[in-house]
Structure formats: structure tokens, C-alpha cells
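Q: One file: model-v5.txt (compact mmCIF, C-alpha atoms).
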# COMPACT_ATOMS: atom_id res chain seq x y z
CA MET X 1 -13.96 -20.35 -11.11
CA VAL X 2 -10.33 -20.25 -9.99
CA THR X 3 -7.98 -21.37 -12.72
CA SER X 4 -4.95 -23.56 -12.06
CA ASP X 5 -2.67 -20.64 -12.89
CA GLN X 6 -4.44 -18.39 -10.39
CA ARG X 7 -4.25 -21.14 -7.78
CA ARG X 8 -0.55 -21.57 -8.46
CA ARG X 9 0.09 -17.85 -7.97
CA GLN X 10 -1.94 -17.85 -4.77
CA LEU X 11 0.05 -20.79 -3.36
CA ALA X 12 3.30 -19.06 -4.29
CA ARG X 13 2.25 -15.89 -2.46
CA GLU X 14 1.19 -17.85 0.60
CA LYS X 15 4.50 -19.76 0.63
CA TYR X 16 6.44 -16.50 0.36
CA ALA X 17 4.42 -14.96 3.21
CA ARG X 18 5.07 -18.00 5.41
CA GLN X 19 8.79 -17.85 4.67
CA GLN X 20 8.93 -14.16 5.57
CA GLN X 21 7.01 -14.78 8.78
CA ARG X 22 9.27 -17.66 9.82
CA ARG X 23 12.38 -15.58 9.20
CA ALA X 24 10.96 -12.67 11.18
CA GLU X 25 10.07 -14.94 14.08
CA ALA X 26 13.52 -16.55 14.09
CA GLN X 27 15.23 -13.17 14.22
CA ARG X 28 13.01 -11.95 17.03
CA LYS X 29 13.67 -15.08 19.08
CA SER X 30 17.42 -14.69 18.63
CA ARG X 31 17.34 -11.09 19.90
CA ARG X 32 15.19 -11.48 22.98
CA ASN X 33 13.59 -14.14 25.12
CA THR X 34 9.97 -15.16 24.73
CA VAL X 35 8.72 -13.29 27.78
CA ILE X 36 10.15 -9.95 26.62
CA ALA X 37 8.89 -10.50 23.07
CA SER X 38 5.38 -11.23 24.27
CA SER X 39 5.32 -8.14 26.48
CA LEU X 40 6.51 -5.89 23.68
CA ALA X 41 3.93 -7.34 21.31
CA VAL X 42 1.12 -6.46 23.72
CA VAL X 43 2.40 -2.92 24.22
CA LEU X 44 2.89 -2.39 20.48
CA ALA X 45 -0.60 -3.66 19.65
CA ALA X 46 -2.17 -1.32 22.19
CA GLY X 47 -0.18 1.68 20.94
CA LEU X 48 -1.04 1.02 17.31
CA ALA X 49 -4.72 0.64 18.15
CA VAL X 50 -4.68 4.10 19.75
CA TRP X 51 -2.79 5.58 16.79
CA ALA X 52 -5.22 4.07 14.28
CA SER X 53 -8.24 5.49 16.10
CA VAL X 54 -6.65 8.95 16.04
CA ALA X 55 -5.65 8.70 12.37
CA LEU X 56 -9.19 7.89 11.29
CA THR X 57 -10.86 10.60 13.40
CA GLY X 58 -12.33 13.70 11.75
CA ASP X 59 -11.24 17.25 12.52
CA ASP X 60 -14.55 18.38 14.02
CA LYS X 61 -14.53 17.00 17.57
CA ASN X 62 -17.90 18.54 18.46
CA ASP X 63 -19.97 17.04 15.70
CA THR X 64 -20.60 13.29 15.93
CA LYS X 65 -21.94 13.10 12.38
CA SER X 66 -18.90 14.91 11.04
CA ASP X 67 -16.64 12.48 12.90
CA SER X 68 -18.45 9.52 11.38
CA ALA X 69 -18.20 10.93 7.87
CA ALA X 70 -14.51 11.70 8.28
CA SER X 71 -13.88 8.23 9.64
CA ALA X 72 -15.65 6.78 6.62
CA SER X 73 -13.35 8.58 4.22
CA GLY X 74 -10.39 8.07 6.59
CA THR X 75 -6.79 8.11 5.55
CA PRO X 76 -4.73 5.70 3.42
CA SER X 77 -3.89 3.56 6.45
CA ALA X 78 -2.63 0.01 6.40
CA GLU X 79 -2.30 -2.48 9.22
CA PRO X 80 1.32 -2.87 10.35
CA THR X 81 3.04 -6.12 9.48
CA PRO X 82 5.92 -7.82 11.34
CA SER X 83 9.10 -5.88 10.60
CA GLY X 84 11.69 -8.26 12.03
CA GLN X 85 12.65 -9.17 8.49
CA PRO X 86 14.95 -6.55 6.91
CA GLU X 87 13.87 -4.80 3.74
CA PRO X 88 15.34 -6.17 0.49
CA ALA X 89 18.94 -5.29 -0.30
CA MET X 90 19.22 -2.35 -2.68
CA SER X 91 19.50 -3.70 -6.22
CA ILE X 92 18.05 -0.97 -8.44
CA ASP X 93 19.72 1.88 -10.27
CA GLN X 94 18.86 4.83 -8.03
CA LYS X 95 19.39 7.31 -10.84
CA ALA X 96 16.93 5.61 -13.17
CA THR X 97 13.21 5.72 -13.78
CA TYR X 98 11.23 2.51 -13.42
CA THR X 99 7.85 1.53 -14.78
CA MET X 100 5.36 -0.68 -12.97
CA ALA X 101 2.81 -2.27 -15.28
CA LEU X 102 -0.38 -3.38 -13.55
CA LYS X 103 -2.54 -5.66 -15.64
CA THR X 104 -5.98 -5.75 -14.02
CA ASN X 105 -9.31 -7.32 -14.86
CA VAL X 106 -10.75 -3.84 -15.57
CA GLY X 107 -7.86 -2.42 -17.60
CA ASP X 108 -4.14 -1.73 -17.55
CA ILE X 109 -2.47 0.87 -15.33
CA LYS X 110 1.05 2.06 -16.06
CA VAL X 111 2.93 3.64 -13.16
CA THR X 112 6.13 5.67 -13.63
CA MET X 113 8.30 5.46 -10.51
CA ASP X 114 11.14 7.81 -9.54
CA ALA X 115 13.98 5.81 -8.00
CA ALA X 116 16.02 8.93 -7.23
CA LYS X 117 13.33 10.35 -4.93
CA ALA X 118 12.06 7.07 -3.47
CA PRO X 119 14.79 4.43 -3.85
CA HIS X 120 13.70 2.19 -0.97
CA THR X 121 10.10 2.19 -2.20
CA VAL X 122 10.96 1.46 -5.83
CA ASN X 123 13.47 -1.21 -4.79
CA SER X 124 10.83 -2.93 -2.67
CA PHE X 125 8.26 -2.90 -5.48
CA LYS X 126 10.80 -4.35 -7.89
CA HIS X 127 11.67 -7.08 -5.37
CA LEU X 128 8.03 -7.99 -4.74
CA ALA X 129 6.92 -7.82 -8.37
CA ASP X 130 9.79 -10.09 -9.41
CA LYS X 131 8.45 -12.64 -6.92
CA LYS X 132 4.91 -12.28 -8.36
CA TYR X 133 3.76 -11.03 -4.97
CA PHE X 134 1.04 -8.77 -6.39
CA ASP X 135 -0.29 -11.23 -8.98
CA GLY X 136 -3.87 -12.20 -8.24
CA THR X 137 -4.36 -9.64 -5.46
CA LYS X 138 -7.41 -7.40 -5.04
CA CYS X 139 -7.60 -3.64 -4.71
CA HIS X 140 -9.48 -3.85 -1.44
CA ARG X 141 -10.46 -0.26 -0.71
CA LEU X 142 -12.12 2.62 -2.57
CA THR X 143 -12.90 6.02 -1.06
CA THR X 144 -15.36 8.41 -2.71
CA SER X 145 -15.84 11.00 0.04
CA GLY X 146 -13.24 13.24 1.65
CA ILE X 147 -10.34 11.52 -0.08
CA PHE X 148 -10.42 9.93 -3.51
CA VAL X 149 -8.21 6.88 -3.78
CA LEU X 150 -8.15 3.23 -4.78
CA GLN X 151 -5.96 1.21 -2.42
CA CYS X 152 -4.20 -1.96 -3.53
CA GLY X 153 -1.21 -4.16 -2.74
CA ASP X 154 -2.57 -6.30 0.09
CA PRO X 155 -2.18 -10.05 -0.53
CA LYS X 156 -4.95 -10.74 2.01
CA GLY X 157 -7.36 -8.35 0.33
CA ASP X 158 -8.65 -6.88 3.59
CA GLY X 159 -6.14 -4.18 4.54
CA THR X 160 -4.17 -6.31 7.01
CA GLY X 161 -1.56 -7.91 4.76
CA GLY X 162 2.04 -7.02 4.02
CA PRO X 163 5.42 -8.43 3.03
CA GLY X 164 6.80 -9.00 6.55
CA TYR X 165 9.14 -5.99 6.48
CA SER X 166 8.82 -2.22 6.55
CA ILE X 167 10.39 0.47 4.38
CA PRO X 168 11.15 4.06 5.41
CA ASP X 169 9.11 7.08 4.40
CA GLU X 170 10.58 8.98 1.45
CA ASN X 171 9.96 12.12 -0.59
CA LEU X 172 7.50 13.51 1.97
CA ASN X 173 8.17 17.06 0.78
CA GLY X 174 7.79 16.06 -2.86
CA LEU X 175 4.34 17.61 -3.14
CA GLY X 176 5.27 20.84 -1.36
CA LYS X 177 5.03 22.14 2.17
CA ALA X 178 1.90 21.61 4.22
CA GLY X 179 -0.54 24.50 4.36
CA GLN X 180 -2.15 25.98 7.45
CA ASP X 181 -4.52 23.02 7.58
CA GLY X 182 -1.54 20.66 7.80
CA SER X 183 -2.20 19.08 4.43
CA VAL X 184 -0.86 19.06 0.89
CA THR X 185 -2.63 18.25 -2.35
CA PHE X 186 -2.01 14.80 -3.80
CA PRO X 187 -2.88 15.48 -7.47
CA LYS X 188 -4.94 12.99 -9.41
CA GLY X 189 -2.63 10.48 -11.03
CA THR X 190 -0.37 10.28 -7.95
CA VAL X 191 0.69 6.92 -6.56
CA ALA X 192 1.73 6.83 -2.89
CA MET X 193 2.30 4.41 -0.03
CA ALA X 194 -0.33 3.60 2.56
CA ASN X 195 1.01 3.14 6.08
CA ALA X 196 0.21 2.63 9.76
CA GLY X 197 2.41 5.48 10.98
CA PRO X 198 5.93 6.78 10.35
CA ASN X 199 8.22 4.38 8.48
CA THR X 200 5.73 1.50 8.37
CA GLY X 201 5.25 1.18 4.62
CA GLY X 202 4.92 -2.37 3.33
CA SER X 203 3.25 -3.35 0.07
CA GLN X 204 -0.02 -1.39 0.17
CA PHE X 205 -0.27 1.65 -2.07
CA PHE X 206 -2.99 3.98 -3.30
CA LEU X 207 -3.92 5.50 -6.65
CA VAL X 208 -5.33 9.04 -6.47
CA TYR X 209 -8.08 9.54 -9.06
CA LYS X 210 -9.13 13.06 -7.96
CA ASP X 211 -7.11 15.82 -6.26
CA THR X 212 -7.01 14.89 -2.57
CA LYS X 213 -5.92 16.78 0.55
CA LEU X 214 -3.85 14.69 2.96
CA PRO X 215 -1.11 15.26 5.53
CA PRO X 216 2.34 14.87 3.93
CA ASN X 217 2.80 11.54 5.69
CA TYR X 218 2.56 9.23 2.68
CA THR X 219 5.45 8.54 0.33
CA PRO X 220 4.57 9.76 -3.19
CA PHE X 221 6.70 7.57 -5.43
CA GLY X 222 5.18 7.86 -8.89
CA THR X 223 2.37 8.76 -11.23
CA PHE X 224 0.06 6.72 -13.41
CA ASP X 225 -0.91 7.37 -17.00
CA ALA X 226 -4.10 8.83 -18.49
CA ASP X 227 -5.40 5.44 -19.57
CA GLY X 228 -4.88 4.12 -16.07
CA LEU X 229 -6.61 7.18 -14.61
CA LYS X 230 -9.69 6.44 -16.72
CA VAL X 231 -9.67 2.85 -15.44
CA VAL X 232 -9.64 4.01 -11.81
CA GLU X 233 -12.23 6.72 -12.48
CA ASP X 234 -14.57 4.10 -13.92
CA VAL X 235 -14.13 2.00 -10.78
CA ALA X 236 -14.89 5.07 -8.65
CA LYS X 237 -18.05 5.86 -10.65
CA ALA X 238 -19.41 2.42 -9.78
CA GLY X 239 -19.06 3.33 -6.11
CA VAL X 240 -18.46 1.41 -2.92
CA GLN X 241 -20.27 -1.75 -1.91
CA GLY X 242 -23.32 -0.90 0.18
CA GLY X 243 -23.33 2.71 -0.97
CA ALA X 244 -20.82 3.90 1.64
CA GLY X 245 -18.02 6.36 0.98
CA ASP X 246 -15.24 4.00 2.03
CA GLY X 247 -14.99 0.25 1.52
CA ALA X 248 -14.61 -2.47 -1.05
CA PRO X 249 -15.25 -1.19 -4.58
CA GLN X 250 -18.54 -2.26 -6.13
CA LYS X 251 -16.62 -2.96 -9.33
CA ALA X 252 -14.10 -5.52 -8.12
CA VAL X 253 -10.51 -4.90 -9.16
CA THR X 254 -7.89 -7.67 -9.30
CA ILE X 255 -4.26 -7.17 -10.24
CA GLU X 256 -3.74 -10.12 -12.54
CA LYS X 257 -0.05 -9.40 -13.12
CA ALA X 258 2.44 -6.77 -11.94
CA THR X 259 5.87 -6.19 -13.43
CA VAL X 260 8.53 -3.57 -12.69
CA ALA X 261 11.20 -2.73 -15.24
CA LYS X 262 13.83 -0.06 -15.79
CA LYS X 263 12.62 2.52 -18.28
Please render this file's structure as C-alpha cells.
A:
Amino acid sequence: MVTSDQRRRQLAREKYARQQQRRAEAQRKSRRNTVIASSLAVVLAAGLAVWASVALTGDDKNDTKSDSAASASGTPSAEPTPSGQPEPAMSIDQKATYTMALKTNVGDIKVTMDAAKAPHTVNSFKHLADKKYFDGTKCHRLTTSGIFVLQCGDPKGDGTGGPGYSIPDENLNGLGKAGQDGSVTFPKGTVAMANAGPNTGGSQFFLVYKDTKLPPNYTPFGTFDADGLKVVEDVAKAGVQGGAGDGAPQKAVTIEKATVAKK
């Protein structure tokens, strides 16, 4: 049963999303006429569809089964959201460390964020958390094959939601240089941004619960504590709905409250 408090938070998130969308639309209309905007939207949608299909394709082009398995595990992708709205004005102390506390229905996760290495990312999380943007949202995706992450931060709960603006990639060399296979190791306990391509980060992020090889295309902006790691590991042990290697977690995870504070 949905409580009145949960309903209130949901209405607040929906109102915020509508406001962001209206602002983005107003800015787009002021910069170009409707015909040009419509044409660009069609071209952009087609380009992103091609990019997404490439991003989720396996390395072995000659083995259909291998391609399917790789696509199942995929990458930490997120659908792009309208970026006509500018990112929040910088308001954090870029020399400080910030902590994001995620209170979930399956346990608490404490994330330590490095503002010096990822100021735009930390600033955005602080902005969104202050507006209760993450409260009541689901962690919509778990991967248990190929890559090992729990993905959260989507207000829609299906991988298509975002705040209405994009933030730039940051700290891409923070985990070292890519090896001959073009990947780096994201150690367990890493928190990084999901995206739909270069500089398209929004609100979706992923928690790495087991060392994972990925291209250095995802902003690593923090780490989560041992207690939080156990929480995510327990979710992973329960598996994915339907027994697949990529999809909604069998053990549903809801972020009941998210706060960001200077450490």
C-alpha cells in the first residue's frame, strides 16, 4: 500500500520533472523555430538508437549466442534525457568530500564522493538530493553476468528517466589507463555514472558489487562502504527477475531517502 508520505514524494518528483521539461522546451523554442527543432529531434533519435545498439553489442561478431549473452550483460547505459535545461549552478566546495546516504528498504548504503575529481557530478547529486529527487525511486537494473552492477537513480524506474539536463564526464582516467582490451577494472565498491554516450550523464548511477571490466567511459565519482556492499551483494544473490543475467532485481530495491552532506 502506498503511504501518504510516499505519494507526496512521488507528486513532488513528478512536479519537478514537469518543471524541468517545460523550461527545456521554452529554451529550445526560443533558440530555433519548430520546424528545425522537430528535424533535429528526429536525427538525434535515430543517431542515439544506432549508438545504443552498438554499445550493447558483444565483442564476438561471429557468434550469435555470444552476442546475445553480451547484450544481456550490456553496459551501464541510460536513455538520454532532454538537455536544454542547464546543469545546476556550482554550489559545493570543490575541495571537500561529500557523503551520500541512501536509505533503502533492504539496508543503508553510504557513498563517499570526491568533489575535487568529479565536481559537476557531486554538485548535481547534492542539487537533486536536496530536492528529494531520489526519494521513493527504484533501483531498476541488476546485472549478474559479464558486468556486476546495481543501477539506480531513475525516477521512472525503467531506465528512461532523468533530471532534464546533462552533466559532463569527469575523472575518466581515475581508475587507470585502458588495457589492450580497451577496458579498465571498476573495483567492487565503486560508484559511477551511467550514460547514453559522451557527456550525457543525468541522475542514473551504478554500484559495482564485484570487480567489473568496462571501457573508461563512465565517471567514477565515489565509493560505498562495506555495509552497503553487503546490501548490494545480497540483492545480487537473489538474482534477476526471470532468471536472466540483466534486468530488474528479484529482490526489489527502493531508495526511501537520499541525502548529500559535506563530510
Q: Could you check how far CA of Val253 (chain X) sits from CA of Lys138 (chain X), in Å to one decimal?
A: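 These atoms are spaced 5.7 Å apart.
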Q: When you draw a straight line from CA of Leu142 (chain X) to CA of Ala236 (chain X), how long is it in Å?
A: 7.1 Å
Q: Quick one: everything within 7 Å of Asn199 (chain X), counting all atoms listed in the file, minus sequence neighbours fewer than 4 positions away in the same chain. Send it as a count of residues only.
A: 4
Q: Can you list, as a list of chain:residue names, every protein, DNA or RNA residue that comes within 7 Å of region 99-112 of chain X when you count all atoms listed in the file, leaving out same-chain residues fewer than 2 positions away?
A: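 In the requested format, the answer is X:Thr97, X:Asp114, X:Gly222, X:Thr223, X:Phe224, X:Asp225, X:Asp227, X:Gly228, X:Val231, X:Val253, X:Thr254, X:Ile255, X:Glu256, X:Lys257, X:Ala258, X:Thr259, X:Val260, X:Ala261, X:Lys262, X:Lys263.
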Q: Can you list, as JSON, numbers by chain, every protein, DNA or RNA residue that comes within 10 Å of Phe125 (chain X) when you count all atoms listed in the file, leaving out same-chain residues fewer than 3 positions away?
A: {"X": [88, 100, 113, 119, 120, 121, 122, 128, 129, 130, 131, 133, 134, 153, 202, 203, 258, 259, 260]}
Q: May I have the selected residues written with C-alpha atoms, as a PDB file, in the frame of the given file?
A:
ATOM      1  CA  PRO X  88      15.340  -6.170   0.490  1.00  0.00           C
ATOM      2  CA  MET X 100       5.360  -0.680 -12.970  1.00  0.00           C
ATOM      3  CA  MET X 113       8.300   5.460 -10.510  1.00  0.00           C
ATOM      4  CA  PRO X 119      14.790   4.430  -3.850  1.00  0.00           C
ATOM      5  CA  HIS X 120      13.700   2.190  -0.970  1.00  0.00           C
ATOM      6  CA  THR X 121      10.100   2.190  -2.200  1.00  0.00           C
ATOM      7  CA  VAL X 122      10.960   1.460  -5.830  1.00  0.00           C
ATOM      8  CA  LEU X 128       8.030  -7.990  -4.740  1.00  0.00           C
ATOM      9  CA  ALA X 129       6.920  -7.820  -8.370  1.00  0.00           C
ATOM     10  CA  ASP X 130       9.790 -10.090  -9.410  1.00  0.00           C
ATOM     11  CA  LYS X 131       8.450 -12.640  -6.920  1.00  0.00           C
ATOM     12  CA  TYR X 133       3.760 -11.030  -4.970  1.00  0.00           C
ATOM     13  CA  PHE X 134       1.040  -8.770  -6.390  1.00  0.00           C
ATOM     14  CA  GLY X 153      -1.210  -4.160  -2.740  1.00  0.00           C
ATOM     15  CA  GLY X 202       4.920  -2.370   3.330  1.00  0.00           C
ATOM     16  CA  SER X 203       3.250  -3.350   0.070  1.00  0.00           C
ATOM     17  CA  ALA X 258       2.440  -6.770 -11.940  1.00  0.00           C
ATOM     18  CA  THR X 259       5.870  -6.190 -13.430  1.00  0.00           C
ATOM     19  CA  VAL X 260       8.530  -3.570 -12.690  1.00  0.00           C
TER      20      VAL X 260
END
Q: Quote the spacing between CA of Asp154 (chain X) and CA of Gly239 (chain X) in Å to one decimal place.
A: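 We find that CA of Asp154 (chain X) and CA of Gly239 (chain X) lie 20.1 Å from each other.
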Q: May I have the protein, DNA and RNA residues with any atom at most 12 Å from the point (-16.5, 5.2, -12.1), counting only C-alpha atoms, written as a list in words?
A: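 Applying the cut-off with only C-alpha atoms, one gets Val106, Leu142, Thr143, Thr144, Phe148, Val149, Leu150, Tyr209, Lys210, Leu229, Lys230, Val231, Val232, Glu233, Asp234, Val235, Ala236, Lys237, Ala238, Gly239, Val240, Pro249, Gln250, Lys251 and Ala252 of chain X.
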Q: Between X:Ser77, X:Asn123, X:Ala116, X:Ala248, which is the closest to Ser91 (chain X) once you count only C-alpha atoms?
A: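 Answer, going by the shortest atom-to-atom distance: X:Asn123.
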Q: Smallest atom-to-atom distance to Lys126 (chain X): which of X:Glu14, X:Asp93, X:Asp158, X:Asp246, using only C-alpha atoms?
A: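 That would be X:Asp93, the residue with the smallest distance to Lys126 (chain X).
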Q: I need region 198-209 of chain X from the structure I supplied, saved as a PDB file, in the first residue's frame with all heavy atoms retained.
A:
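Once written, out04.pdb looks like this:
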ATOM      1  N   PRO X 198      29.061  10.046 -24.642  1.00  0.00           N
ATOM      2  CA  PRO X 198      29.889  11.076 -24.009  1.00  0.00           C
ATOM      3  C   PRO X 198      29.072  12.261 -23.502  1.00  0.00           C
ATOM      4  O   PRO X 198      28.201  12.790 -24.200  1.00  0.00           O
ATOM      5  CB  PRO X 198      30.833  11.493 -25.142  1.00  0.00           C
ATOM      6  CG  PRO X 198      30.892  10.300 -26.047  1.00  0.00           C
ATOM      7  CD  PRO X 198      29.523   9.703 -25.999  1.00  0.00           C
ATOM      8  N   ASN X 199      29.338  12.641 -22.266  1.00  0.00           N
ATOM      9  CA  ASN X 199      28.757  13.843 -21.652  1.00  0.00           C
ATOM     10  C   ASN X 199      27.225  13.835 -21.633  1.00  0.00           C
ATOM     11  O   ASN X 199      26.584  14.863 -21.866  1.00  0.00           O
ATOM     12  CB  ASN X 199      29.273  15.093 -22.375  1.00  0.00           C
ATOM     13  CG  ASN X 199      30.784  15.198 -22.335  1.00  0.00           C
ATOM     14  OD1 ASN X 199      31.399  15.109 -21.274  1.00  0.00           O
ATOM     15  ND2 ASN X 199      31.398  15.370 -23.502  1.00  0.00           N
ATOM     16  N   THR X 200      26.649  12.675 -21.333  1.00  0.00           N
ATOM     17  CA  THR X 200      25.190  12.572 -21.257  1.00  0.00           C
ATOM     18  C   THR X 200      24.715  12.097 -19.894  1.00  0.00           C
ATOM     19  O   THR X 200      23.596  11.598 -19.767  1.00  0.00           O
ATOM     20  CB  THR X 200      24.649  11.614 -22.341  1.00  0.00           C
ATOM     21  OG1 THR X 200      25.234  10.307 -22.147  1.00  0.00           O
ATOM     22  CG2 THR X 200      24.960  12.111 -23.740  1.00  0.00           C
ATOM     23  N   GLY X 201      25.564  12.227 -18.879  1.00  0.00           N
ATOM     24  CA  GLY X 201      25.159  11.802 -17.544  1.00  0.00           C
ATOM     25  C   GLY X 201      23.970  12.608 -17.055  1.00  0.00           C
ATOM     26  O   GLY X 201      23.848  13.802 -17.336  1.00  0.00           O
ATOM     27  N   GLY X 202      23.090  11.950 -16.309  1.00  0.00           N
ATOM     28  CA  GLY X 202      21.926  12.631 -15.747  1.00  0.00           C
ATOM     29  C   GLY X 202      21.819  12.345 -14.271  1.00  0.00           C
ATOM     30  O   GLY X 202      22.539  12.920 -13.454  1.00  0.00           O
ATOM     31  N   SER X 203      20.937  11.412 -13.909  1.00  0.00           N
ATOM     32  CA  SER X 203      20.777  11.056 -12.495  1.00  0.00           C
ATOM     33  C   SER X 203      21.043   9.579 -12.247  1.00  0.00           C
ATOM     34  O   SER X 203      21.148   9.164 -11.092  1.00  0.00           O
ATOM     35  CB  SER X 203      19.350  11.386 -12.039  1.00  0.00           C
ATOM     36  OG  SER X 203      18.391  10.673 -12.819  1.00  0.00           O
ATOM     37  N   GLN X 204      21.161   8.778 -13.302  1.00  0.00           N
ATOM     38  CA  GLN X 204      21.343   7.342 -13.110  1.00  0.00           C
ATOM     39  C   GLN X 204      22.803   7.001 -12.799  1.00  0.00           C
ATOM     40  O   GLN X 204      23.717   7.505 -13.444  1.00  0.00           O
ATOM     41  CB  GLN X 204      20.873   6.577 -14.350  1.00  0.00           C
ATOM     42  CG  GLN X 204      19.368   6.699 -14.596  1.00  0.00           C
ATOM     43  CD  GLN X 204      18.901   5.829 -15.730  1.00  0.00           C
ATOM     44  OE1 GLN X 204      19.335   4.679 -15.867  1.00  0.00           O
ATOM     45  NE2 GLN X 204      18.011   6.363 -16.559  1.00  0.00           N
ATOM     46  N   PHE X 205      22.977   6.135 -11.827  1.00  0.00           N
ATOM     47  CA  PHE X 205      24.307   5.737 -11.387  1.00  0.00           C
ATOM     48  C   PHE X 205      24.307   4.238 -11.106  1.00  0.00           C
ATOM     49  O   PHE X 205      23.249   3.613 -11.017  1.00  0.00           O
ATOM     50  CB  PHE X 205      24.725   6.517 -10.133  1.00  0.00           C
ATOM     51  CG  PHE X 205      23.828   6.295  -8.939  1.00  0.00           C
ATOM     52  CD1 PHE X 205      24.149   5.365  -7.954  1.00  0.00           C
ATOM     53  CD2 PHE X 205      22.660   7.035  -8.786  1.00  0.00           C
ATOM     54  CE1 PHE X 205      23.327   5.168  -6.855  1.00  0.00           C
ATOM     55  CE2 PHE X 205      21.821   6.840  -7.685  1.00  0.00           C
ATOM     56  CZ  PHE X 205      22.156   5.907  -6.726  1.00  0.00           C
ATOM     57  N   PHE X 206      25.506   3.660 -11.002  1.00  0.00           N
ATOM     58  CA  PHE X 206      25.563   2.230 -10.712  1.00  0.00           C
ATOM     59  C   PHE X 206      26.553   1.921  -9.610  1.00  0.00           C
ATOM     60  O   PHE X 206      27.573   2.588  -9.451  1.00  0.00           O
ATOM     61  CB  PHE X 206      25.849   1.402 -11.965  1.00  0.00           C
ATOM     62  CG  PHE X 206      27.146   1.714 -12.685  1.00  0.00           C
ATOM     63  CD1 PHE X 206      28.302   0.993 -12.420  1.00  0.00           C
ATOM     64  CD2 PHE X 206      27.198   2.704 -13.656  1.00  0.00           C
ATOM     65  CE1 PHE X 206      29.491   1.249 -13.097  1.00  0.00           C
ATOM     66  CE2 PHE X 206      28.383   2.970 -14.352  1.00  0.00           C
ATOM     67  CZ  PHE X 206      29.535   2.243 -14.067  1.00  0.00           C
ATOM     68  N   LEU X 207      26.213   0.900  -8.834  1.00  0.00           N
ATOM     69  CA  LEU X 207      27.014   0.423  -7.709  1.00  0.00           C
ATOM     70  C   LEU X 207      27.658  -0.895  -8.119  1.00  0.00           C
ATOM     71  O   LEU X 207      26.961  -1.861  -8.453  1.00  0.00           O
ATOM     72  CB  LEU X 207      26.118   0.201  -6.491  1.00  0.00           C
ATOM     73  CG  LEU X 207      25.271   1.404  -6.027  1.00  0.00           C
ATOM     74  CD1 LEU X 207      24.145   0.928  -5.123  1.00  0.00           C
ATOM     75  CD2 LEU X 207      26.133   2.417  -5.302  1.00  0.00           C
ATOM     76  N   VAL X 208      28.982  -0.945  -8.107  1.00  0.00           N
ATOM     77  CA  VAL X 208      29.711  -2.143  -8.523  1.00  0.00           C
ATOM     78  C   VAL X 208      29.899  -3.050  -7.307  1.00  0.00           C
ATOM     79  O   VAL X 208      30.528  -2.655  -6.326  1.00  0.00           O
ATOM     80  CB  VAL X 208      31.087  -1.770  -9.123  1.00  0.00           C
ATOM     81  CG1 VAL X 208      31.817  -3.031  -9.596  1.00  0.00           C
ATOM     82  CG2 VAL X 208      30.938  -0.779 -10.275  1.00  0.00           C
ATOM     83  N   TYR X 209      29.355  -4.271  -7.375  1.00  0.00           N
ATOM     84  CA  TYR X 209      29.448  -5.174  -6.225  1.00  0.00           C
ATOM     85  C   TYR X 209      30.483  -6.276  -6.431  1.00  0.00           C
ATOM     86  O   TYR X 209      30.750  -7.057  -5.531  1.00  0.00           O
ATOM     87  CB  TYR X 209      28.081  -5.783  -5.907  1.00  0.00           C
ATOM     88  CG  TYR X 209      27.505  -6.681  -6.979  1.00  0.00           C
ATOM     89  CD1 TYR X 209      27.800  -8.039  -7.016  1.00  0.00           C
ATOM     90  CD2 TYR X 209      26.671  -6.163  -7.953  1.00  0.00           C
ATOM     91  CE1 TYR X 209      27.268  -8.867  -7.998  1.00  0.00           C
ATOM     92  CE2 TYR X 209      26.127  -6.972  -8.946  1.00  0.00           C
ATOM     93  CZ  TYR X 209      26.439  -8.319  -8.962  1.00  0.00           C
ATOM     94  OH  TYR X 209      25.910  -9.135  -9.953  1.00  0.00           O
TER      95      TYR X 209
END
